[in-house]
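So the structure is just underneath, and the comments pick up after that.
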Amino acid sequence: MAFTREEMRRLIGRHKIKDMGFELLGLVVMLLSLLVLFALFGQLAIDGAARINPDFFDSFPSRRAGSAGILSAWVGSLLVMLVTALAAVPVGVAAGVYLEEYARKGKMADLIEINVTNLAGVPSIIYGLLALGLLVYQFGLGESVLTAGLTLGMMILPIVIVSTREAIRAVPQSIREASYGLGASQWQTVRYHVLPYSSAGILTGVIIGLSRAIGETAPIITIGALTFIAFLPPPPITGTPPFVNFDWLFSPFTVMPIQMFNWISRPDADFHTNAAAAGVVLVVMTLLMNATAIWLRYRARQRIKW
Amino acid sequence: MTDVASVAAPAGGSLKRRKLPGNRRWQRSRERVIEGVLFVCALSAVAITAAIIGVLLYESSTFFERVSLWTFLTDTQWTPLFENPRYGILPLVSGTVTTSAVALLVAIPLGTITAIYLSEFARPRVREVVKPILELISGVPTVVFGYFALLFVTPMLQKLIPGLPGFNLLGPGIVIGIMIVPYISSLSEDAMRAVPMHLREASYGMGASRFQTAVRVVVPAATSGIVASYILAISRAVGETMVVAIAAGQQPNLTFDPTESAATITAFIVQVAMGDLPHGSIGYQSIFAAGLTLLLMTLVFNLLGHWARKRFREAY
């Protein structure tokens, strides 16, 4: 096929216009979705701004919207996160270490891998049903901080396992060989070399997992957590011996997203202001956690050059 | 720890050398115990899967003793909490399918175009700024998106569509769509960036434009990753709970019309869990049957994703 110079030029021109057209479309679409999100968050902040003051953090929920606060909610979130972290981090990191460093290729390793991938795709509400059937009724843990913490712990386990594996995989083989060459055992190699060098990556995964857990509502509703809690769980540390108290584990509780959901579902618009304020706190909290995680990952990449 | 370390250290004295055999035996059993503990932790993933399937099957089995599977799958009414309960899952499934369809209609075009733009057209600086922002957005709690759906998007839609009820499937669907755009754009972009440079260079060398290269070379080569990102997005949309529980309504309704109000599977589970149904009642068991349906739906999509990744994988 032969083109004259004129036809060629026109063809190229047409394609250039198409290129530019798509580039423009892409830019507009990307900015559109970002703008919509920023507009929504902006509106949320404007709606909630009136209620964000120290009293809001220092008051219990109340029947009157103006004096209701999130004290029991944020304390509850904190305690639940503590249980979640204590449950998910050791188990998840250990599982990641096993799969990367110990597991021999075979049916067992495949089975575990398939399960981890599938668990990551299970909707969060299913974990709530699991907790309702197993923890609340079979184990008799009730609708407690412990149940909620373990539920969310199971939910974020795949996240912790996957990020641990990725972090460990980034440690070069030569480090392990050097360690073995000095006579270290497998566990010593893992304990003194592999884990310390991958700790930033693991921490990133843990923070992302916890930020998922702190905003998660569905599984907590499913285990039947109460929404009107105008008291705090007993403090974990007491002034009298034995100084540590585990009653808080079995205490009823509420968490931030539940409190927000409760306020949204009320028809009274004043409570919607409270919901917006709680939403702002929740968004800021998760954004801070995620930003920390992204920053940590960035810094680890900058600092370690193998 | 110190005695083990001395074994590891080659500079041990004669005294330590004599101690070696005993230490080594101890160390070996210690290694084995540690490996065992790690293995048990890894097995926890299998245990959780088994527990999920076990609990759902066990609780639903008592449900299906009272309600036949045929009724469950074909009855067009879902009213387990009424005087004359009917147990047909279809109305809940239709609500779930409708919101997910709306969400995908929003998310697939937006997400795909964003991904192509970021991967093939945008300058690296833009990508470096936008990608972390997208990651941050996918971390925002879904209950916040529920607030958006009920109090911002639905009132806005009511101005455009007169007679739209306060609870409807359209608003939550759109919001879920916006919510899952980051999944699609981020994962598809990763897949497109993984396409080797020499394919693009060959395409440019043949005189193709950037748009032609993107659409005819890069996207086909990255199909497995792109399809996998769609399927992840579908399974997110199907399992999404809070947005629909807040903004879609509580009344099961066999409809595929997004302007109507209808409950989804997840919204129904939330609604029942918020009330106080006695343990062991059929209403209580019905949420496990609904949960099992949901799990099977997402499982089908996850398997499809697995298959798509294998089927469309291009090896270079």
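Chain labels A, B, ... are given in the sequence in which chains occur in the structure tokens; within each chain residues are numbered consecutively from 1, and ligands are likewise numbered from 1 in the order shown.
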
Report as a tab-separated table the residues of chain B within 7 Å of chain A, each with its shortest atom pair and distance in Å (one decimal), using only C-alpha atoms, ordered by chain and increasing residue number.
residue	atom	partner	partner_atom	distance
B:Ala8	CA	A:Gly183	CA	5.1
B:Glu31	CA	A:Trp187	CA	6.4
B:Leu38	CA	A:Ala94	CA	5.1
B:Phe39	CA	A:Tyr98	CA	6.1
B:Cys41	CA	A:Ala95	CA	5.1
B:Ala42	CA	A:Ala95	CA	3.9
B:Leu43	CA	A:Ile112	CA	6.6
B:Ala45	CA	A:Val116	CA	5.9
B:Val46	CA	A:Asn115	CA	5.7
B:Thr49	CA	A:Asn115	CA	6.7
B:Ile52	CA	A:Leu130	CA	5.5
B:Val55	CA	A:Gly133	CA	6.1
B:Leu110	CA	A:Val29	CA	6.2
B:Ile113	CA	A:Gly26	CA	5.7
B:Thr114	CA	A:Met30	CA	5.3
B:Tyr117	CA	A:Gly26	CA	5.0
B:Phe121	CA	A:Glu23	CA	6.3
B:Leu136	CA	A:Asn290	CA	6.2
B:Gly139	CA	A:Arg212	CA	6.4
B:Val140	CA	A:Val283	CA	6.0
B:Pro141	CA	A:Gly215	CA	4.5
B:Val143	CA	A:Pro257	CA	6.5
B:Val144	CA	A:Gly279	CA	5.8
B:Tyr147	CA	A:Ile264	CA	6.8
B:Phe148	CA	A:Leu40	CA	6.8
B:Ser209	CA	A:His15	CA	6.2
B:Arg210	CA	A:Asp19	CA	6.2
B:Phe211	CA	A:Asp19	CA	5.2
B:Gly239	CA	A:Pro123	CA	4.9
B:Thr241	CA	A:Ala218	CA	6.4
B:Met242	CA	A:Ala218	CA	6.4
B:Ile246	CA	A:Ser265	CA	6.9
B:Val270	CA	A:Thr222	CA	6.1
B:Ala273	CA	A:Thr222	CA	5.1
B:Met274	CA	A:Gly224	CA	6.2
B:Phe288	CA	A:Leu129	CA	6.9
B:Gly291	CA	A:Ile126	CA	6.3
B:Leu295	CA	A:Val122	CA	7.0

Saved selection, atoms kept: C-alpha atoms, as a PDB file, in the first residue's frame:
ATOM      1  CA  ALA B   8      27.161 -20.535  66.470  1.00  0.00           C
ATOM      2  CA  GLU B  31      14.828 -25.802  65.979  1.00  0.00           C
ATOM      3  CA  LEU B  38       5.477 -21.741  62.981  1.00  0.00           C
ATOM      4  CA  PHE B  39       3.732 -24.533  61.096  1.00  0.00           C
ATOM      5  CA  CYS B  41       0.490 -20.694  62.965  1.00  0.00           C
ATOM      6  CA  ALA B  42       0.494 -21.200  59.192  1.00  0.00           C
ATOM      7  CA  LEU B  43      -2.197 -23.833  59.568  1.00  0.00           C
ATOM      8  CA  ALA B  45      -5.349 -19.957  57.783  1.00  0.00           C
ATOM      9  CA  VAL B  46      -6.648 -23.408  56.898  1.00  0.00           C
ATOM     10  CA  THR B  49     -11.420 -21.417  56.302  1.00  0.00           C
ATOM     11  CA  ILE B  52     -16.099 -20.494  58.270  1.00  0.00           C
ATOM     12  CA  VAL B  55     -20.139 -22.785  61.040  1.00  0.00           C
ATOM     13  CA  LEU B 110     -13.527   5.026  35.327  1.00  0.00           C
ATOM     14  CA  ILE B 113      -9.397   4.624  31.738  1.00  0.00           C
ATOM     15  CA  THR B 114      -7.558   5.916  34.808  1.00  0.00           C
ATOM     16  CA  TYR B 117      -3.853   6.950  31.494  1.00  0.00           C
ATOM     17  CA  PHE B 121       0.172   8.584  29.163  1.00  0.00           C
ATOM     18  CA  LEU B 136      -5.181   6.026  50.838  1.00  0.00           C
ATOM     19  CA  GLY B 139      -8.419   2.520  53.218  1.00  0.00           C
ATOM     20  CA  VAL B 140     -11.335   4.788  54.140  1.00  0.00           C
ATOM     21  CA  PRO B 141     -13.938   2.984  56.314  1.00  0.00           C
ATOM     22  CA  VAL B 143     -19.390   3.286  56.960  1.00  0.00           C
ATOM     23  CA  VAL B 144     -18.210   6.745  55.861  1.00  0.00           C
ATOM     24  CA  TYR B 147     -22.971   8.338  55.009  1.00  0.00           C
ATOM     25  CA  PHE B 148     -22.098   9.786  51.579  1.00  0.00           C
ATOM     26  CA  SER B 209       0.526   5.830  17.873  1.00  0.00           C
ATOM     27  CA  ARG B 210       0.457   5.874  21.666  1.00  0.00           C
ATOM     28  CA  PHE B 211      -3.274   5.243  21.727  1.00  0.00           C
ATOM     29  CA  GLY B 239     -19.770  -8.398  49.794  1.00  0.00           C
ATOM     30  CA  THR B 241     -22.211  -4.269  53.621  1.00  0.00           C
ATOM     31  CA  MET B 242     -22.334  -0.897  55.301  1.00  0.00           C
ATOM     32  CA  ILE B 246     -27.347   2.404  55.454  1.00  0.00           C
ATOM     33  CA  VAL B 270     -27.025  -6.548  59.495  1.00  0.00           C
ATOM     34  CA  ALA B 273     -28.059  -8.957  63.836  1.00  0.00           C
ATOM     35  CA  MET B 274     -29.108  -5.552  65.152  1.00  0.00           C
ATOM     36  CA  PHE B 288     -26.352 -18.093  58.132  1.00  0.00           C
ATOM     37  CA  GLY B 291     -24.282 -15.750  54.524  1.00  0.00           C
ATOM     38  CA  LEU B 295     -19.906 -16.805  50.428  1.00  0.00           C
TER      39      LEU B 295
END

Inset, instruction - For Ala202 in chain B, please output as a ChimeraX atom specification all residues within 10 Å (counting only C-alpha atoms; exclusion window: fewer than 5 positions along the same chain). - result: /B:197,207-208,213,217

Same residues, N, CA and C atoms, saved as a PDB file, in the first residue's frame:
ATOM      1  N   MET B 197       8.774  -3.550  28.152  1.00  0.00           N
ATOM      2  CA  MET B 197       8.948  -2.362  27.328  1.00  0.00           C
ATOM      3  C   MET B 197       9.123  -2.712  25.859  1.00  0.00           C
ATOM      4  N   GLY B 207       5.249   2.049  13.752  1.00  0.00           N
ATOM      5  CA  GLY B 207       4.579   3.290  13.409  1.00  0.00           C
ATOM      6  C   GLY B 207       3.254   3.494  14.114  1.00  0.00           C
ATOM      7  N   ALA B 208       2.966   2.685  15.164  1.00  0.00           N
ATOM      8  CA  ALA B 208       1.698   2.849  15.871  1.00  0.00           C
ATOM      9  C   ALA B 208       1.748   4.081  16.761  1.00  0.00           C
ATOM     10  N   THR B 213      -0.947   1.746  20.567  1.00  0.00           N
ATOM     11  CA  THR B 213      -0.098   0.878  21.377  1.00  0.00           C
ATOM     12  C   THR B 213      -0.791   0.493  22.677  1.00  0.00           C
ATOM     13  N   VAL B 217      -1.856  -3.243  22.105  1.00  0.00           N
ATOM     14  CA  VAL B 217      -0.710  -4.043  22.539  1.00  0.00           C
ATOM     15  C   VAL B 217      -0.703  -4.215  24.061  1.00  0.00           C
TER      16      VAL B 217
END

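Shell of Leu105 in chain B at 12 Å, with only C-alpha atoms counted and residues fewer than 2 places along the chain excluded, is Thr98, Thr99, Ser100, Ala101, Val102, Ala103, Ala107, Ile108, Pro109, Leu110, Gly111, Thr112, Leu170, Gly173, Ile174, Val175, Ile176, Gly177, Ile178, Ile180, Val181, Tyr230, Ala233, Ile234 and Ala237 of chain B.
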